[in-house]
>>> print(open('run_1.txt').read())   # compact mmCIF, N, CA, C and O atoms
# COMPACT_ATOMS: atom_id res chain seq x y z
N ARG B 98 7.88 -6.16 27.35
CA ARG B 98 8.02 -5.19 26.28
C ARG B 98 7.52 -3.84 26.75
O ARG B 98 6.63 -3.75 27.58
N SER B 99 8.06 -2.81 26.18
CA SER B 99 7.61 -1.47 26.53
C SER B 99 7.73 -0.59 25.31
O SER B 99 8.47 -0.87 24.39
N PHE B 100 6.96 0.47 25.33
CA PHE B 100 7.08 1.46 24.27
C PHE B 100 6.93 2.82 24.89
O PHE B 100 6.35 2.96 25.96
N SER B 101 7.48 3.81 24.23
CA SER B 101 7.45 5.14 24.83
C SER B 101 6.65 6.11 23.97
O SER B 101 6.83 6.17 22.78
N VAL B 102 5.76 6.81 24.63
CA VAL B 102 4.98 7.86 23.99
C VAL B 102 4.81 8.95 25.03
O VAL B 102 4.48 8.67 26.18
N SER B 103 5.04 10.15 24.63
CA SER B 103 4.89 11.28 25.54
C SER B 103 3.45 11.39 26.01
O SER B 103 2.51 11.21 25.25
N ALA B 104 3.25 11.71 27.27
CA ALA B 104 1.91 11.83 27.84
C ALA B 104 1.10 12.92 27.16
O ALA B 104 -0.12 12.85 27.11
N GLU B 105 1.78 13.91 26.58
CA GLU B 105 1.05 14.99 25.92
C GLU B 105 0.27 14.49 24.70
O GLU B 105 -0.65 15.14 24.24
N TYR B 106 0.64 13.33 24.18
CA TYR B 106 -0.03 12.80 23.00
C TYR B 106 -1.20 11.88 23.33
O TYR B 106 -1.89 11.43 22.45
N ALA B 107 -1.41 11.56 24.56
CA ALA B 107 -2.49 10.64 24.93
C ALA B 107 -3.84 11.26 24.58
O ALA B 107 -4.06 12.44 24.80
N ASN B 108 -4.73 10.44 24.01
CA ASN B 108 -6.05 10.95 23.65
C ASN B 108 -7.03 10.78 24.80
O ASN B 108 -6.64 10.42 25.91
N ARG B 109 -8.31 11.02 24.56
CA ARG B 109 -9.31 10.97 25.62
C ARG B 109 -9.33 9.65 26.37
O ARG B 109 -9.60 9.60 27.55
N SER B 110 -9.07 8.55 25.66
CA SER B 110 -9.13 7.24 26.30
C SER B 110 -7.85 6.93 27.05
O SER B 110 -7.73 5.88 27.66
N GLY B 111 -6.88 7.81 26.99
CA GLY B 111 -5.61 7.57 27.65
C GLY B 111 -4.66 6.73 26.82
O GLY B 111 -3.59 6.38 27.27
N ILE B 112 -5.06 6.41 25.59
CA ILE B 112 -4.22 5.62 24.70
C ILE B 112 -3.59 6.57 23.69
O ILE B 112 -4.25 7.42 23.12
N ALA B 113 -2.31 6.41 23.48
CA ALA B 113 -1.59 7.29 22.56
C ALA B 113 -2.13 7.15 21.14
O ALA B 113 -2.43 6.05 20.70
N PRO B 114 -2.26 8.25 20.41
CA PRO B 114 -2.71 8.15 19.03
C PRO B 114 -1.66 7.45 18.16
O PRO B 114 -0.47 7.47 18.46
N TYR B 115 -2.14 6.84 17.10
CA TYR B 115 -1.26 6.09 16.19
C TYR B 115 -0.09 6.94 15.71
O TYR B 115 1.04 6.48 15.65
N SER B 116 -0.36 8.19 15.37
CA SER B 116 0.68 9.06 14.81
C SER B 116 1.85 9.31 15.76
O SER B 116 2.93 9.69 15.32
N SER B 117 1.65 9.08 17.05
CA SER B 117 2.73 9.32 18.01
C SER B 117 3.56 8.07 18.32
O SER B 117 4.54 8.15 19.04
N LEU B 118 3.17 6.92 17.75
CA LEU B 118 3.91 5.69 18.01
C LEU B 118 5.24 5.67 17.27
O LEU B 118 5.34 6.16 16.15
N ASN B 119 6.24 5.10 17.88
CA ASN B 119 7.51 4.85 17.22
C ASN B 119 7.46 3.39 16.75
O ASN B 119 7.71 2.47 17.54
N LEU B 120 7.11 3.18 15.48
CA LEU B 120 6.91 1.82 14.99
C LEU B 120 8.16 0.95 15.08
O LEU B 120 8.05 -0.26 15.24
N SER B 121 9.33 1.56 15.02
CA SER B 121 10.55 0.77 15.11
C SER B 121 10.68 0.08 16.47
O SER B 121 11.32 -0.97 16.59
N GLU B 122 10.03 0.63 17.50
CA GLU B 122 10.04 0.00 18.82
C GLU B 122 9.10 -1.20 18.89
O GLU B 122 9.16 -2.00 19.81
N LEU B 123 8.19 -1.33 17.93
CA LEU B 123 7.17 -2.37 17.97
C LEU B 123 7.44 -3.53 17.03
O LEU B 123 6.69 -4.50 17.02
N VAL B 124 8.50 -3.46 16.23
CA VAL B 124 8.83 -4.53 15.30
C VAL B 124 9.55 -5.64 16.05
O VAL B 124 10.48 -5.39 16.81
N THR B 125 9.12 -6.88 15.81
CA THR B 125 9.73 -8.03 16.47
C THR B 125 10.82 -8.63 15.59
O THR B 125 11.01 -8.22 14.45
N ASP B 126 11.51 -9.62 16.12
CA ASP B 126 12.53 -10.34 15.34
C ASP B 126 11.92 -11.04 14.14
O ASP B 126 12.60 -11.28 13.15
N LYS B 127 10.64 -11.37 14.23
CA LYS B 127 9.95 -12.05 13.13
C LYS B 127 9.41 -11.06 12.10
O LYS B 127 8.67 -11.43 11.21
N ARG B 128 9.79 -9.79 12.25
CA ARG B 128 9.35 -8.72 11.34
C ARG B 128 7.83 -8.53 11.36
O ARG B 128 7.22 -8.31 10.34
N THR B 129 7.26 -8.68 12.53
CA THR B 129 5.85 -8.39 12.73
C THR B 129 5.75 -7.21 13.69
O THR B 129 6.73 -6.85 14.34
N TYR B 130 4.57 -6.63 13.77
CA TYR B 130 4.33 -5.52 14.69
C TYR B 130 3.59 -6.04 15.90
O TYR B 130 2.58 -6.72 15.78
N LEU B 131 4.11 -5.75 17.07
CA LEU B 131 3.54 -6.21 18.32
C LEU B 131 2.71 -5.08 18.92
O LEU B 131 3.21 -4.00 19.20
N CYS B 132 1.43 -5.33 19.09
CA CYS B 132 0.55 -4.31 19.67
C CYS B 132 0.96 -4.04 21.11
O CYS B 132 1.11 -4.98 21.90
N PRO B 133 1.14 -2.77 21.48
CA PRO B 133 1.53 -2.45 22.85
C PRO B 133 0.37 -2.56 23.84
O PRO B 133 0.58 -2.46 25.04
N LEU B 134 -0.84 -2.80 23.34
CA LEU B 134 -2.01 -2.82 24.21
C LEU B 134 -2.62 -4.20 24.40
O LEU B 134 -3.46 -4.39 25.27
N CYS B 135 -2.23 -5.14 23.56
CA CYS B 135 -2.73 -6.51 23.68
C CYS B 135 -1.66 -7.45 23.11
O CYS B 135 -0.69 -6.98 22.52
N PRO B 136 -1.82 -8.75 23.25
CA PRO B 136 -0.76 -9.67 22.80
C PRO B 136 -0.74 -9.95 21.30
O PRO B 136 0.00 -10.81 20.85
N LYS B 137 -1.48 -9.24 20.50
CA LYS B 137 -1.58 -9.52 19.07
C LYS B 137 -0.33 -9.08 18.30
O LYS B 137 0.21 -8.01 18.53
N GLU B 138 0.11 -9.96 17.37
CA GLU B 138 1.18 -9.63 16.43
C GLU B 138 0.57 -9.48 15.06
O GLU B 138 -0.21 -10.32 14.63
N ILE B 139 0.94 -8.42 14.35
CA ILE B 139 0.35 -8.13 13.04
C ILE B 139 1.47 -8.08 12.01
O ILE B 139 2.54 -7.54 12.27
N VAL B 140 1.20 -8.62 10.81
CA VAL B 140 2.26 -8.81 9.83
C VAL B 140 2.60 -7.59 8.98
O VAL B 140 3.70 -7.50 8.46
N ASP B 141 1.70 -6.64 8.82
CA ASP B 141 2.03 -5.46 8.02
C ASP B 141 1.53 -4.20 8.68
O ASP B 141 0.63 -4.22 9.51
N VAL B 142 2.14 -3.08 8.30
CA VAL B 142 1.88 -1.82 8.98
C VAL B 142 0.45 -1.32 8.76
O VAL B 142 -0.14 -0.74 9.67
N SER B 143 -0.15 -1.55 7.60
CA SER B 143 -1.51 -1.07 7.38
C SER B 143 -2.51 -1.84 8.25
O SER B 143 -3.44 -1.25 8.80
N SER B 144 -2.31 -3.14 8.40
CA SER B 144 -3.17 -3.92 9.29
C SER B 144 -2.95 -3.52 10.74
O SER B 144 -3.89 -3.49 11.53
N PHE B 145 -1.70 -3.21 11.08
CA PHE B 145 -1.41 -2.76 12.44
C PHE B 145 -2.15 -1.44 12.73
O PHE B 145 -2.72 -1.26 13.80
N LYS B 146 -2.15 -0.53 11.76
CA LYS B 146 -2.83 0.75 11.97
C LYS B 146 -4.32 0.54 12.20
O LYS B 146 -4.90 1.14 13.11
N LYS B 147 -4.96 -0.32 11.41
CA LYS B 147 -6.39 -0.62 11.61
C LYS B 147 -6.63 -1.20 12.99
O LYS B 147 -7.56 -0.82 13.70
N HIS B 148 -5.77 -2.14 13.38
CA HIS B 148 -5.89 -2.79 14.69
C HIS B 148 -5.73 -1.76 15.82
O HIS B 148 -6.56 -1.67 16.73
N TYR B 149 -4.67 -0.98 15.76
CA TYR B 149 -4.36 -0.05 16.85
C TYR B 149 -5.41 1.05 16.96
O TYR B 149 -5.82 1.41 18.07
N THR B 150 -5.88 1.59 15.83
CA THR B 150 -6.88 2.65 15.92
C THR B 150 -8.21 2.12 16.45
O THR B 150 -9.01 2.90 16.96
N GLY B 151 -8.42 0.82 16.37
CA GLY B 151 -9.58 0.22 17.04
C GLY B 151 -9.47 0.34 18.55
O GLY B 151 -10.46 0.59 19.24
N HIS B 152 -8.25 0.19 19.07
CA HIS B 152 -8.02 0.37 20.51
C HIS B 152 -8.16 1.84 20.91
O HIS B 152 -8.77 2.17 21.91
N SER B 153 -7.54 2.71 20.13
CA SER B 153 -7.43 4.12 20.53
C SER B 153 -8.69 4.94 20.29
O SER B 153 -8.84 6.02 20.85
N GLY B 154 -9.55 4.43 19.43
CA GLY B 154 -10.78 5.17 19.14
C GLY B 154 -10.61 6.28 18.13
O GLY B 154 -11.53 7.06 17.90
N GLU B 155 -9.44 6.37 17.50
CA GLU B 155 -9.22 7.39 16.47
C GLU B 155 -10.11 7.09 15.27
O GLU B 155 -10.21 5.95 14.84
N LYS B 156 -10.73 8.12 14.75
CA LYS B 156 -11.63 7.97 13.60
C LYS B 156 -11.25 9.02 12.57
O LYS B 156 -11.72 10.14 12.63
N GLU B 157 -10.41 8.63 11.63
CA GLU B 157 -9.86 9.61 10.71
C GLU B 157 -10.68 9.81 9.43
O GLU B 157 -10.36 10.67 8.63
N PHE B 158 -11.75 9.04 9.23
CA PHE B 158 -12.58 9.19 8.04
C PHE B 158 -13.97 9.66 8.44
O PHE B 158 -14.53 9.17 9.42
N SER B 159 -14.53 10.60 7.68
CA SER B 159 -15.84 11.13 8.05
C SER B 159 -16.77 11.18 6.84
O SER B 159 -16.34 11.35 5.71
N CYS B 160 -18.05 11.04 7.11
CA CYS B 160 -19.09 11.08 6.09
C CYS B 160 -19.33 12.53 5.67
O CYS B 160 -19.50 13.40 6.52
N PRO B 161 -19.37 12.78 4.36
CA PRO B 161 -19.62 14.15 3.91
C PRO B 161 -21.09 14.57 4.08
O PRO B 161 -21.41 15.75 3.97
N ALA B 162 -21.98 13.62 4.38
CA ALA B 162 -23.41 13.93 4.49
C ALA B 162 -23.92 14.02 5.93
O ALA B 162 -25.01 14.52 6.16
N CYS B 163 -23.15 13.50 6.89
CA CYS B 163 -23.59 13.54 8.28
C CYS B 163 -22.38 13.53 9.20
O CYS B 163 -21.25 13.65 8.73
N SER B 164 -22.58 13.34 10.46
CA SER B 164 -21.48 13.41 11.43
C SER B 164 -20.80 12.07 11.70
O SER B 164 -19.94 11.98 12.57
N TYR B 165 -21.14 11.03 10.94
CA TYR B 165 -20.54 9.71 11.14
C TYR B 165 -19.04 9.75 10.89
O TYR B 165 -18.58 10.34 9.91
N ARG B 166 -18.28 9.12 11.79
CA ARG B 166 -16.83 9.00 11.65
C ARG B 166 -16.42 7.57 11.93
O ARG B 166 -17.05 6.88 12.73
N THR B 167 -15.34 7.11 11.29
CA THR B 167 -14.86 5.75 11.45
C THR B 167 -13.36 5.69 11.27
O THR B 167 -12.75 6.62 10.74
N ASN B 168 -12.77 4.58 11.70
CA ASN B 168 -11.33 4.40 11.55
C ASN B 168 -10.96 3.63 10.28
O ASN B 168 -9.79 3.50 9.97
N GLN B 169 -11.96 3.12 9.55
CA GLN B 169 -11.68 2.38 8.32
C GLN B 169 -12.53 2.92 7.19
O GLN B 169 -13.75 3.06 7.31
N VAL B 170 -11.88 3.22 6.07
CA VAL B 170 -12.59 3.80 4.93
C VAL B 170 -13.64 2.84 4.38
O VAL B 170 -14.69 3.28 3.89
N SER B 171 -13.42 1.54 4.48
CA SER B 171 -14.42 0.58 3.99
C SER B 171 -15.73 0.71 4.77
O SER B 171 -16.82 0.56 4.20
N ASN B 172 -15.64 1.01 6.07
CA ASN B 172 -16.85 1.23 6.87
C ASN B 172 -17.59 2.49 6.40
O ASN B 172 -18.82 2.53 6.39
N LEU B 173 -16.84 3.49 5.98
CA LEU B 173 -17.45 4.72 5.49
C LEU B 173 -18.19 4.48 4.17
O LEU B 173 -19.30 4.97 3.97
N TYR B 174 -17.60 3.69 3.28
CA TYR B 174 -18.26 3.37 2.01
C TYR B 174 -19.57 2.61 2.27
O TYR B 174 -20.60 2.91 1.67
N ARG B 175 -19.52 1.65 3.17
CA ARG B 175 -20.73 0.89 3.51
C ARG B 175 -21.78 1.81 4.15
O ARG B 175 -22.97 1.74 3.82
N HIS B 176 -21.36 2.69 5.04
CA HIS B 176 -22.26 3.63 5.70
C HIS B 176 -22.99 4.50 4.67
O HIS B 176 -24.21 4.65 4.73
N SER B 177 -22.26 5.09 3.75
CA SER B 177 -22.90 5.99 2.78
C SER B 177 -23.89 5.24 1.89
O SER B 177 -24.95 5.77 1.55
N ARG B 178 -23.56 4.01 1.56
CA ARG B 178 -24.45 3.19 0.72
C ARG B 178 -25.71 2.78 1.47
O ARG B 178 -26.82 2.89 0.94
N THR B 179 -25.58 2.34 2.72
CA THR B 179 -26.73 1.83 3.47
C THR B 179 -27.55 2.92 4.15
O THR B 179 -28.76 2.79 4.26
N ARG B 180 -26.92 4.00 4.59
CA ARG B 180 -27.64 5.05 5.31
C ARG B 180 -28.14 6.18 4.42
O ARG B 180 -29.14 6.80 4.70
N HIS B 181 -27.37 6.47 3.37
CA HIS B 181 -27.71 7.61 2.52
C HIS B 181 -28.11 7.21 1.10
O HIS B 181 -28.58 8.05 0.35
N GLY B 182 -27.86 5.96 0.73
CA GLY B 182 -28.26 5.48 -0.58
C GLY B 182 -27.39 5.95 -1.74
O GLY B 182 -27.83 5.95 -2.88
N PHE B 183 -26.16 6.36 -1.44
CA PHE B 183 -25.27 6.75 -2.54
C PHE B 183 -23.88 6.16 -2.33
O PHE B 183 -23.49 5.86 -1.20
N GLU B 184 -23.16 6.00 -3.43
CA GLU B 184 -21.78 5.52 -3.39
C GLU B 184 -20.86 6.73 -3.32
O GLU B 184 -21.05 7.70 -4.06
N LEU B 185 -19.89 6.68 -2.45
CA LEU B 185 -18.89 7.74 -2.41
C LEU B 185 -17.95 7.60 -3.60
O LEU B 185 -17.70 6.50 -4.08
N ASP B 186 -17.44 8.71 -4.07
CA ASP B 186 -16.49 8.72 -5.17
C ASP B 186 -15.16 8.16 -4.66
O ASP B 186 -14.46 8.81 -3.89
N ARG B 187 -14.82 6.97 -5.09
CA ARG B 187 -13.59 6.32 -4.59
C ARG B 187 -12.33 6.97 -5.15
O ARG B 187 -11.24 6.72 -4.66
N THR B 188 -12.46 7.82 -6.15
CA THR B 188 -11.28 8.53 -6.66
C THR B 188 -10.92 9.71 -5.77
O THR B 188 -9.83 10.24 -5.86
N ARG B 189 -11.85 10.13 -4.91
CA ARG B 189 -11.60 11.24 -3.98
C ARG B 189 -11.08 10.73 -2.64
O ARG B 189 -11.00 11.44 -1.67
N ARG B 190 -10.75 9.51 -2.58
CA ARG B 190 -10.30 8.89 -1.36
C ARG B 190 -9.02 9.53 -0.86
O ARG B 190 -8.18 9.87 -1.67
N PRO B 191 -8.76 9.67 0.39
CA PRO B 191 -9.65 9.32 1.49
C PRO B 191 -10.53 10.50 1.90
O PRO B 191 -10.26 11.64 1.57
N TYR B 192 -11.55 10.22 2.65
CA TYR B 192 -12.43 11.22 3.21
C TYR B 192 -11.95 11.50 4.63
O TYR B 192 -12.43 10.90 5.58
N TRP B 193 -10.97 12.35 4.76
CA TRP B 193 -10.38 12.62 6.06
C TRP B 193 -11.36 13.38 6.95
O TRP B 193 -12.01 14.31 6.50
N ALA B 194 -11.43 13.01 8.19
CA ALA B 194 -12.31 13.68 9.15
C ALA B 194 -11.94 15.15 9.29
O ALA B 194 -12.80 15.99 9.48
N ALA B 195 -10.68 15.47 9.17
CA ALA B 195 -10.25 16.85 9.31
C ALA B 195 -10.78 17.74 8.19
O ALA B 195 -10.86 18.95 8.33
N ASP B 196 -11.18 17.14 7.06
CA ASP B 196 -11.73 17.89 5.93
C ASP B 196 -13.23 18.13 6.07
O ASP B 196 -13.80 18.85 5.27
N ALA B 197 -13.86 17.52 7.04
CA ALA B 197 -15.32 17.62 7.19
C ALA B 197 -15.70 19.04 7.60
O ALA B 197 -14.97 19.72 8.31
N PRO B 198 -16.87 19.48 7.16
CA PRO B 198 -17.33 20.81 7.54
C PRO B 198 -17.43 20.93 9.07
O PRO B 198 -17.83 20.00 9.76
N GLY B 199 -17.01 22.05 9.58
CA GLY B 199 -17.08 22.28 11.03
C GLY B 199 -15.93 21.68 11.81
O GLY B 199 -15.92 21.70 13.02
N MET B 200 -14.97 21.11 11.14
CA MET B 200 -13.82 20.51 11.83
C MET B 200 -12.69 21.50 11.91
O MET B 200 -12.49 22.33 11.16
>>> encode(input="run_1.txt", output="structure tokens")
Amino acid sequence: RSFSVSAEYANRSGIAPYSSLNLSELVTDKRTYLCPLCPKEIVDVSSFKKHYTGHSGEKEFSCPACSYRTNQVSNLYRHSRTRHGFELDRTRRPYWAADAPGM
């Protein structure tokens, strides 16, 4: 199997960011998504995104109180509760890293 991503899109780890993937190239006959970096097959696109961003190191969610960043919003909710003692407003979801101060 192969997939194509322009080298200009490769991130620091040398792995292409999720946004540059052509998902139609990764769909199998069984209608699952085949990870281009490991042998895992994933059944839906949201699970595939979580899986792939774990490989690529992309962290699109950021804490409004500190510099913590993560690839899953559930990790951010847990972080704010355990580290800062407050619940994030889930109606303001998502907390995009690009919206963080200084970004």
>>> select_by_dssp(input="run_1.txt", residues="stretch 111-198 of chain B", states="helix (DSSP H, G or I)", output="ChimeraX atom specification")
/B:115-117,120-122,142-153,170-181,187-189,194-196
>>> closest_residue(input="run_1.txt", among="B:Lys127, B:Cys132, B:Thr150, B:Asp141", to="B:Ala113", atoms="only N, CA, C and O atoms")
B:Thr150
>>> closest_residue(input="run_1.txt", among="B:Glu155, B:Leu120, B:Tyr149, B:Ser164", to="B:Leu134", atoms="all atoms listed in the file")
B:Tyr149
>>> atom_distance(input="run_1.txt", atom1="atom CA of B:Arg178", atom2="atom CA of B:Gly154")
23.0 Å
>>> closest_residue(input="run_1.txt", among="B:Leu185, B:Ala162, B:Leu173, B:Ile139", to="B:Val124", atoms="only C-alpha atoms")
B:Ile139
>>> atom_distance(input="run_1.txt", atom1="atom CA of B:Arg187", atom2="atom N of B:Arg175")
10.8 Å
>>> atom_distance(input="run_1.txt", atom1="atom O of B:Gly182", atom2="atom N of B:Arg166")
17.8 Å
>>> closest_residue(input="run_1.txt", among="B:Thr167, B:Asp186, B:Val142, B:Pro136", to="B:Leu118", atoms="only C-alpha atoms")
B:Val142
>>> residues_around(input="run_1.txt", residues="B:Glu184", least_positions_apart="4", cutoff="12 Å", atoms="only C-alpha atoms", output="PyMOL selection string")
chain B and resi 160-162+171+173-180+188-189
>>> select_by_dssp(input="run_1.txt", residues="stretch 99-184 of chain B", states="strand (DSSP E)", output="list in words")
Tyr130, Leu131, Glu138, Ile139, Phe158, Ser159, Arg166 and Thr167 of chain B
